[in-house]
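Everything below belongs to work-v4.tsv, which stores TSV, C-alpha atoms.
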```tsv
chain	number	residue	atom	x	y	z
L	27	MET	CA	77.87	106.82	82.86
L	28	THR	CA	77.84	107.94	79.26
L	29	PRO	CA	79.17	105.73	76.42
L	30	VAL	CA	81.62	103.06	77.54
L	31	THR	CA	84.50	102.28	75.23
L	32	ILE	CA	85.80	99.08	76.77
L	33	SER	CA	86.29	96.15	74.43
L	34	ALA	CA	83.99	93.15	74.72
L	35	ALA	CA	85.16	90.24	76.82
L	36	GLY	CA	87.61	88.11	74.90
L	37	SER	CA	88.18	84.37	74.83
L	38	GLY	CA	90.84	84.73	77.53
L	39	ALA	CA	88.31	85.78	80.19
L	40	ALA	CA	88.28	83.58	83.27
L	41	ALA	CA	85.59	80.95	83.46
L	42	GLY	CA	82.51	81.91	85.48
L	43	THR	CA	82.81	85.67	84.85
L	44	PRO	CA	80.49	86.34	81.90
L	45	ASN	CA	79.13	89.47	83.57
L	46	ALA	CA	82.43	91.31	84.01
L	47	GLY	CA	81.86	93.40	80.90
L	48	ALA	CA	78.28	94.21	81.79
L	49	LEU	CA	79.27	95.20	85.33
L	50	ALA	CA	81.98	97.49	83.99
L	51	GLU	CA	79.55	99.12	81.58
L	52	ASP	CA	76.85	99.52	84.24
L	53	ALA	CA	79.35	101.06	86.69
L	54	ALA	CA	80.56	103.53	84.06
L	55	ARG	CA	77.02	104.46	83.09
L	56	ALA	CA	76.01	105.01	86.72
L	57	ALA	CA	78.98	107.33	87.32
L	58	GLY	CA	78.46	109.28	84.12
L	59	VAL	CA	81.87	108.59	82.66
L	60	THR	CA	83.55	106.86	79.77
L	61	VAL	CA	86.34	104.47	80.80
L	62	ARG	CA	89.00	103.38	78.32
L	63	THR	CA	92.60	102.27	78.20
L	64	VAL	CA	95.10	104.96	77.23
L	65	HIS	CA	98.07	104.30	74.94
L	66	ASP	CA	99.01	107.59	73.28
L	67	VAL	CA	101.65	110.01	74.55
L	68	ALA	CA	99.25	112.95	75.07
L	69	GLY	CA	96.70	110.78	76.91
L	70	ILE	CA	99.28	109.25	79.22
L	71	HIS	CA	100.80	112.66	79.91
L	72	ALA	CA	97.33	113.92	80.92
L	73	VAL	CA	96.99	110.99	83.34
L	74	ALA	CA	100.40	111.84	84.86
L	75	ASP	CA	99.20	115.44	85.33
L	76	PHE	CA	95.99	114.14	86.92
L	77	PHE	CA	97.95	112.08	89.47
L	78	ALA	CA	100.14	115.11	90.23
L	79	ASP	CA	97.04	117.17	91.00
L	80	VAL	CA	95.55	114.46	93.23
L	81	TRP	CA	98.79	114.09	95.20
L	82	GLN	CA	99.22	117.89	95.33
L	83	MET	CA	102.57	117.91	93.54
L	84	PRO	CA	103.87	120.13	90.73
L	85	ARG	CA	103.03	118.76	87.30
L	86	ALA	CA	106.72	119.12	86.44
L	87	THR	CA	107.51	116.48	89.07
L	88	PRO	CA	104.51	114.14	89.18
L	89	PRO	CA	104.45	111.10	91.47
L	90	TYR	CA	104.09	108.84	88.42
L	91	PRO	CA	105.90	110.39	85.41
L	92	SER	CA	104.39	109.86	81.99
L	93	GLU	CA	107.46	108.02	80.72
L	94	VAL	CA	107.11	105.49	83.55
L	95	LEU	CA	103.42	105.01	82.79
L	96	HIS	CA	104.21	104.59	79.10
L	97	SER	CA	106.81	101.95	79.93
L	98	LEU	CA	104.32	100.04	82.06
L	99	VAL	CA	101.85	100.00	79.17
L	100	HIS	CA	104.60	98.87	76.80
L	101	SER	CA	105.46	95.99	79.14
L	102	GLY	CA	101.90	94.65	79.06
L	103	GLY	CA	100.23	96.76	81.74
L	104	ALA	CA	97.32	99.14	81.31
L	105	VAL	CA	96.44	102.74	82.09
L	106	HIS	CA	92.67	103.11	82.50
L	107	ALA	CA	91.18	106.61	82.48
L	108	ALA	CA	87.65	107.76	83.26
L	109	TYR	CA	86.38	110.83	81.38
L	110	SER	CA	83.35	112.97	82.09
L	111	THR	CA	81.93	115.14	79.31
L	112	GLY	CA	80.82	118.72	79.79
L	113	PRO	CA	80.46	121.98	77.86
L	114	SER	CA	84.24	122.28	77.53
L	115	GLY	CA	84.70	118.69	76.35
L	116	GLU	CA	86.18	115.67	78.07
L	117	ARG	CA	87.70	115.97	81.54
L	118	LEU	CA	89.67	113.35	83.45
L	119	ALA	CA	87.74	112.19	86.52
L	120	GLY	CA	89.72	109.11	87.50
L	121	ALA	CA	92.56	106.86	86.47
L	122	ALA	CA	94.30	103.64	87.44
L	123	VAL	CA	97.38	101.68	86.38
L	124	ALA	CA	97.74	97.91	86.50
L	125	VAL	CA	100.67	95.59	85.79
L	126	PHE	CA	100.99	91.82	85.90
L	127	GLY	CA	102.72	90.37	88.93
L	128	PRO	CA	103.95	86.90	89.88
L	129	PRO	CA	102.59	84.48	88.86
L	130	ALA	CA	101.94	86.56	85.76
L	131	GLU	CA	99.20	84.32	84.43
L	132	ARG	CA	96.98	84.78	87.51
L	133	ASP	CA	97.75	87.94	89.47
L	134	VAL	CA	97.56	91.63	88.59
L	135	TYR	CA	99.02	94.47	90.67
L	136	SER	CA	97.09	97.74	90.66
L	137	PHE	CA	99.96	100.20	90.71
L	138	VAL	CA	97.91	103.32	91.45
L	139	ALA	CA	94.29	104.48	91.30
L	140	ALA	CA	92.58	107.80	92.01
L	141	ALA	CA	89.31	109.61	91.38
L	142	THR	CA	88.33	113.23	91.97
L	143	ALA	CA	84.56	112.85	92.23
L	144	SER	CA	84.13	111.10	95.56
L	145	GLY	CA	80.74	109.47	96.00
L	146	ARG	CA	79.85	109.52	92.31
L	147	GLY	CA	81.04	106.00	91.61
L	148	VAL	CA	83.95	106.95	89.35
L	149	GLY	CA	86.45	104.92	91.38
L	150	PHE	CA	84.17	101.88	91.25
L	151	ALA	CA	83.83	102.25	87.47
L	152	VAL	CA	87.60	102.40	87.03
L	153	LYS	CA	88.12	99.30	89.20
L	154	GLN	CA	85.48	97.38	87.25
L	155	ALA	CA	87.21	98.34	84.01
L	156	GLN	CA	90.51	97.10	85.46
L	157	ARG	CA	88.80	93.87	86.54
L	158	ARG	CA	87.41	93.30	83.07
L	159	TRP	CA	90.80	93.93	81.46
L	160	ALA	CA	92.54	91.55	83.87
L	161	LEU	CA	89.97	88.77	83.46
L	162	GLU	CA	90.25	89.01	79.69
L	163	ARG	CA	93.94	88.20	80.12
L	164	GLY	CA	93.39	85.23	82.42
L	165	ALA	CA	94.06	86.83	85.81
L	166	THR	CA	92.01	85.76	88.82
L	167	THR	CA	93.25	88.14	91.54
L	168	MET	CA	94.30	91.76	91.82
L	169	ARG	CA	96.23	93.34	94.68
L	170	TRP	CA	97.24	96.84	95.72
L	171	THR	CA	98.16	98.85	98.80
L	172	PHE	CA	96.51	101.80	100.53
L	173	ASP	CA	96.94	103.86	103.68
L	174	PRO	CA	95.01	101.98	106.40
L	175	LEU	CA	94.20	105.25	108.20
L	176	VAL	CA	92.10	106.50	105.26
L	177	SER	CA	88.73	105.06	106.24
L	178	ARG	CA	86.88	105.94	103.02
L	179	ASN	CA	89.44	103.98	100.98
L	180	ALA	CA	89.25	101.08	103.42
L	181	ARG	CA	85.47	100.96	103.10
L	182	PHE	CA	85.66	101.12	99.31
L	183	ASN	CA	88.27	98.36	99.09
L	184	LEU	CA	86.94	95.99	101.74
L	185	VAL	CA	83.17	96.52	101.52
L	186	LYS	CA	82.33	97.95	98.09
L	187	LEU	CA	84.79	95.71	96.23
L	188	GLY	CA	84.91	92.86	98.74
L	189	ALA	CA	88.71	92.61	98.92
L	190	VAL	CA	90.59	91.25	101.96
L	191	GLY	CA	93.53	92.91	103.73
L	192	SER	CA	96.26	90.32	103.21
L	193	GLU	CA	99.27	91.97	104.91
L	194	TYR	CA	100.19	95.00	107.00
L	195	LEU	CA	103.36	96.77	105.81
L	196	VAL	CA	105.21	99.05	108.25
L	197	ASP	CA	106.58	102.28	106.70
L	198	PHE	CA	106.42	100.62	103.28
L	199	TYR	CA	107.75	103.52	101.19
L	200	GLY	CA	109.80	105.28	103.85
L	201	PRO	CA	109.49	109.10	104.03
L	202	MET	CA	107.21	110.59	101.36
L	203	SER	CA	107.37	114.17	100.11
L	204	ASP	CA	104.08	114.63	98.29
L	205	GLY	CA	101.40	117.06	99.42
L	206	VAL	CA	99.24	114.38	101.04
L	207	ASN	CA	101.63	112.21	103.09
L	208	ASN	CA	104.23	114.72	104.33
L	209	GLY	CA	105.26	114.27	107.96
L	210	ASP	CA	103.82	110.78	108.34
L	211	GLU	CA	105.15	107.23	108.14
L	212	SER	CA	103.98	105.25	105.14
L	213	ASP	CA	102.32	102.16	106.61
L	214	ARG	CA	100.22	100.37	104.02
L	215	LEU	CA	97.64	97.61	103.97
L	216	THR	CA	97.79	95.21	101.02
L	217	VAL	CA	94.43	93.99	99.79
L	218	VAL	CA	93.69	91.04	97.53
L	219	TRP	CA	90.61	91.21	95.32
L	220	ASP	CA	89.14	87.97	94.01
L	221	LEU	CA	88.28	88.96	90.45
L	222	VAL	CA	86.16	85.89	89.80
L	223	THR	CA	83.71	86.39	92.68
L	224	ALA	CA	84.06	90.17	93.28
L	225	THR	CA	81.24	90.26	95.83
L	226	THR	CA	80.23	93.35	97.78
L	227	ARG	CA	80.04	92.68	101.53
L	228	THR	CA	76.95	93.30	103.64
L	229	ASP	CA	77.15	96.12	106.18
L	230	ASP	CA	76.68	94.30	109.50
L	231	LEU	CA	79.81	95.59	111.23
L	232	ALA	CA	78.06	96.98	114.28
L	233	ASP	CA	76.70	93.57	115.19
L	234	GLY	CA	78.36	92.55	118.46
L	235	ARG	CA	80.60	95.60	118.71
L	236	SER	CA	78.77	97.22	121.61
L	237	ALA	CA	79.23	94.08	123.72
L	238	ALA	CA	82.94	93.64	122.93
L	239	ASP	CA	85.68	94.39	125.45
L	240	VAL	CA	87.83	97.51	125.12
L	241	VAL	CA	91.44	96.30	124.79
L	242	ARG	CA	93.18	99.53	123.66
L	243	ARG	CA	92.60	103.27	123.98
L	244	ALA	CA	93.16	105.68	121.10
L	245	PRO	CA	95.21	108.91	121.26
L	246	ASP	CA	91.93	110.82	121.80
L	247	GLY	CA	91.16	108.74	124.90
L	248	ASP	CA	88.22	106.86	123.40
L	249	PRO	CA	88.31	103.14	122.56
L	250	LEU	CA	90.73	102.16	119.82
L	251	ALA	CA	90.38	98.37	119.76
L	252	LEU	CA	87.51	96.13	120.82
L	253	ARG	CA	87.61	92.35	121.09
L	254	ASP	CA	85.31	89.40	121.47
L	255	ALA	CA	86.10	85.71	121.15
L	256	ASP	CA	86.34	85.68	117.35
L	257	ARG	CA	86.58	89.27	116.15
L	258	LEU	CA	88.55	92.46	116.64
L	259	TRP	CA	87.47	95.99	115.79
L	260	CYS	CA	89.96	98.85	115.34
L	261	ARG	CA	89.03	102.53	114.96
L	262	VAL	CA	90.84	105.06	112.77
L	263	PRO	CA	90.54	108.89	112.67
L	264	GLU	CA	87.58	110.41	110.88
L	265	ASP	CA	89.86	112.24	108.41
L	266	ILE	CA	93.56	111.44	108.70
L	267	VAL	CA	94.51	113.77	105.84
L	268	ALA	CA	92.96	116.78	107.60
L	269	LEU	CA	94.40	115.68	110.95
L	270	ARG	CA	97.87	115.32	109.45
L	271	ALA	CA	97.70	118.89	108.15
L	272	ALA	CA	96.34	120.32	111.43
L	273	ASP	CA	98.33	118.29	113.98
L	274	PRO	CA	101.11	116.12	112.51
L	275	ALA	CA	102.23	114.86	115.93
L	276	LEU	CA	98.75	113.62	116.80
L	277	ALA	CA	98.40	112.01	113.37
L	278	LEU	CA	101.65	110.14	113.97
L	279	ASP	CA	100.37	108.99	117.37
L	280	TRP	CA	97.35	107.51	115.59
L	281	ARG	CA	99.66	105.83	113.07
L	282	HIS	CA	101.64	104.10	115.80
L	283	ALA	CA	98.55	103.12	117.79
L	284	VAL	CA	96.79	101.52	114.81
L	285	ARG	CA	100.03	99.89	113.70
L	286	GLU	CA	100.39	98.15	117.05
L	287	VAL	CA	96.86	96.76	116.89
L	288	PHE	CA	97.22	95.56	113.31
L	289	THR	CA	100.66	93.98	113.59
L	290	GLU	CA	99.59	92.00	116.65
L	291	ALA	CA	96.31	90.95	115.02
L	292	TYR	CA	97.99	89.90	111.78
L	293	ALA	CA	100.59	87.91	113.70
L	294	GLU	CA	97.77	85.78	115.13
L	295	GLY	CA	96.11	85.25	111.74
L	296	LEU	CA	93.37	87.89	111.76
L	297	ARG	CA	92.77	89.90	108.60
L	298	ALA	CA	90.93	93.16	107.85
L	299	THR	CA	87.72	92.20	106.09
L	300	ALA	CA	85.45	95.23	106.44
L	301	MET	CA	85.17	98.90	107.46
L	302	SER	CA	82.11	100.58	108.98
L	303	HIS	CA	80.63	103.96	108.08
L	304	ASP	CA	81.84	105.33	111.42
L	305	GLY	CA	85.49	104.34	111.00
L	306	TRP	CA	85.83	100.89	112.58
L	307	TYR	CA	87.75	98.09	110.90
L	308	LEU	CA	86.52	94.56	111.41
L	309	LEU	CA	89.29	91.96	111.60
L	310	THR	CA	88.34	88.31	111.40
L	311	ARG	CA	89.94	84.99	110.59
L	312	PRO	CA	89.13	84.61	106.88
L	313	SER	CA	88.39	81.36	105.12
L	314	PRO	CA	91.25	79.54	103.36
L	315	GLU	CA	89.95	80.86	100.03
L	316	GLU	CA	90.31	84.46	101.25
L	317	GLN	CA	93.87	84.02	102.52
L	318	ALA	CA	96.51	85.52	100.22
```
Could you render the structure from this file as structure tokens?
Amino acid sequence: MTPVTISAAGSGAAAGTPNAGALAEDAARAAGVTVRTVHDVAGIHAVADFFADVWQMPRATPPYPSEVLHSLVHSGGAVHAAYSTGPSGERLAGAAVAVFGPPAERDVYSFVAAATASGRGVGFAVKQAQRRWALERGATTMRWTFDPLVSRNARFNLVKLGAVGSEYLVDFYGPMSDGVNNGDESDRLTVVWDLVTATTRTDDLADGRSAADVVRRAPDGDPLALRDADRLWCRVPEDIVALRAADPALALDWRHAVREVFTEAYAEGLRATAMSHDGWYLLTRPSPEEQA
């Protein structure tokens, strides 16, 4: 990324994380963006417009109004924005909002995050900037929710960041009327990110999968869930957003099928710990340190 305007790590940074600032700067440089916190009215309004565009809603009625974002900043939270620079000047490429949650001295809740340049590393740069900001204030964990049917987000959260899916939430928001989630039920997976270790997972998800037993079939007739003695794999659609637009009824069938697998698995103590390139979750029994 180009120049990074994130403050140097302060004395409040958690012990054992001296590289948080360097990682944030490296991630920004690799993605070609500048990441900074936003405090001014015009900057926050631009972030609200950005979220409206991502969620395909009118800018007059954004999913996260600027006055709400401003209030979150005023209460001690942070709006991080990633900017790319071109011939016409700076352009927003990603943004995220974080607030402190209970217990406030240790845990941060990532309220929302989005990036437009998929595959460029902008989302990773924004999360590393959030991590740095949170560590500077003494936090050790960050949590957020995402749609478990969106495999690219699952892979980013569980593999790239190394977070763990701590809970499965059925229809968390109720009906949603944005341009992305219309016609679906809003199940969400909460992930917890250990900010102190923040370790990317290795990609060994196919190991053992071919020998596992098929325990559920998906709406398309192919295997949905596979099981061996210690692990469970669950498949999700290749592109749930496109499927939802083309065939809402089939998308809802997938929602219910995956929900059934996850709720049963979570009831027995399994947790989502990884996602493969070809759309398979890996659910395992995490160590006590990984449990939320």
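Distance annotation: of L:Trp219, L:Phe198, L:Phe126, L:Phe77, the residue with the minimal separation from Val138 of chain L is L:Phe77; atom set is all atoms listed in the file.
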* **Residues within 10 Å of (81.3, 107.1, 85.8), file coords, all atoms listed in the file, listed as a VMD selection string** => chain L and resid 27 to 30 50 to 61 108 to 110 119 to 120 143 146 to 152
Please dump the current selection as an mmCIF file, in the coordinates of the input; keep C-alpha atoms.
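File selection_37.cif, as written:
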```cif
data_model
loop_
_atom_site.group_PDB
_atom_site.id
_atom_site.type_symbol
_atom_site.label_atom_id
_atom_site.label_comp_id
_atom_site.auth_asym_id
_atom_site.auth_seq_id
_atom_site.Cartn_x
_atom_site.Cartn_y
_atom_site.Cartn_z
ATOM 1 C CA MET L 27 77.870 106.820 82.860
ATOM 2 C CA THR L 28 77.840 107.940 79.260
ATOM 3 C CA PRO L 29 79.170 105.730 76.420
ATOM 4 C CA VAL L 30 81.620 103.060 77.540
ATOM 5 C CA ALA L 50 81.980 97.490 83.990
ATOM 6 C CA GLU L 51 79.550 99.120 81.580
ATOM 7 C CA ASP L 52 76.850 99.520 84.240
ATOM 8 C CA ALA L 53 79.350 101.060 86.690
ATOM 9 C CA ALA L 54 80.560 103.530 84.060
ATOM 10 C CA ARG L 55 77.020 104.460 83.090
ATOM 11 C CA ALA L 56 76.010 105.010 86.720
ATOM 12 C CA ALA L 57 78.980 107.330 87.320
ATOM 13 C CA GLY L 58 78.460 109.280 84.120
ATOM 14 C CA VAL L 59 81.870 108.590 82.660
ATOM 15 C CA THR L 60 83.550 106.860 79.770
ATOM 16 C CA VAL L 61 86.340 104.470 80.800
ATOM 17 C CA ALA L 108 87.650 107.760 83.260
ATOM 18 C CA TYR L 109 86.380 110.830 81.380
ATOM 19 C CA SER L 110 83.350 112.970 82.090
ATOM 20 C CA ALA L 119 87.740 112.190 86.520
ATOM 21 C CA GLY L 120 89.720 109.110 87.500
ATOM 22 C CA ALA L 143 84.560 112.850 92.230
ATOM 23 C CA ARG L 146 79.850 109.520 92.310
ATOM 24 C CA GLY L 147 81.040 106.000 91.610
ATOM 25 C CA VAL L 148 83.950 106.950 89.350
ATOM 26 C CA GLY L 149 86.450 104.920 91.380
ATOM 27 C CA PHE L 150 84.170 101.880 91.250
ATOM 28 C CA ALA L 151 83.830 102.250 87.470
ATOM 29 C CA VAL L 152 87.600 102.400 87.030
#
```
Please report as a Markdown table every residue of segment 228-286 of chain L lying within 12 Å of segment 298-313 of chain L, along with the nearest atom pair and their distance in Å (one decimal), using all atoms listed in the file.
```
| residue | atom | partner | partner_atom | distance |
| --- | --- | --- | --- | --- |
| L:Thr228 | CA | L:Ala300 | CA | 9.2 |
| L:Asp229 | CA | L:Ser302 | CA | 7.2 |
| L:Asp230 | CA | L:Ser302 | CA | 8.3 |
| L:Leu231 | CA | L:Ser302 | CA | 5.9 |
| L:Ala232 | CA | L:Ser302 | CA | 7.6 |
| L:Asp233 | CA | L:Leu308 | CA | 10.6 |
| L:Gly234 | CA | L:Leu308 | CA | 11.0 |
| L:Arg235 | CA | L:Leu308 | CA | 9.5 |
| L:Pro249 | CA | L:Trp306 | CA | 10.5 |
| L:Leu250 | CA | L:Trp306 | CA | 8.8 |
| L:Ala251 | CA | L:Trp306 | CA | 8.9 |
| L:Leu252 | CA | L:Leu308 | CA | 9.6 |
| L:Arg253 | CA | L:Leu309 | CA | 9.6 |
| L:Asp254 | CA | L:Thr310 | CA | 10.6 |
| L:Ala255 | CA | L:Thr310 | CA | 10.3 |
| L:Asp256 | CA | L:Thr310 | CA | 6.8 |
| L:Arg257 | CA | L:Thr310 | CA | 5.2 |
| L:Leu258 | CA | L:Leu309 | CA | 5.1 |
| L:Trp259 | CA | L:Leu308 | CA | 4.7 |
| L:Cys260 | CA | L:Tyr307 | CA | 5.0 |
| L:Arg261 | CA | L:Trp306 | CA | 4.3 |
| L:Val262 | CA | L:Gly305 | CA | 5.7 |
| L:Pro263 | CA | L:Gly305 | CA | 7.0 |
| L:Glu264 | CA | L:Gly305 | CA | 6.4 |
| L:Asp265 | CA | L:Gly305 | CA | 9.4 |
| L:Ile266 | CA | L:Gly305 | CA | 11.0 |
| L:Val284 | CA | L:Tyr307 | CA | 10.4 |
```
* Structure fact -> Correct to one decimal, the distance atom CA of Asp213 of chain L-atom CA of Val176 of chain L is 11.2 Å
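Distance-wise, atom CA of Gly47 of chain L and atom CA of Asn183 of chain L end up 19.9 Å apart.
If you count only C-alpha atoms and ignore residues fewer than 4 places along the chain from Leu187 of chain L, what sits within 7 Å of it is Phe182, Asn183, Ala224, Thr225 and Thr226 of chain L.
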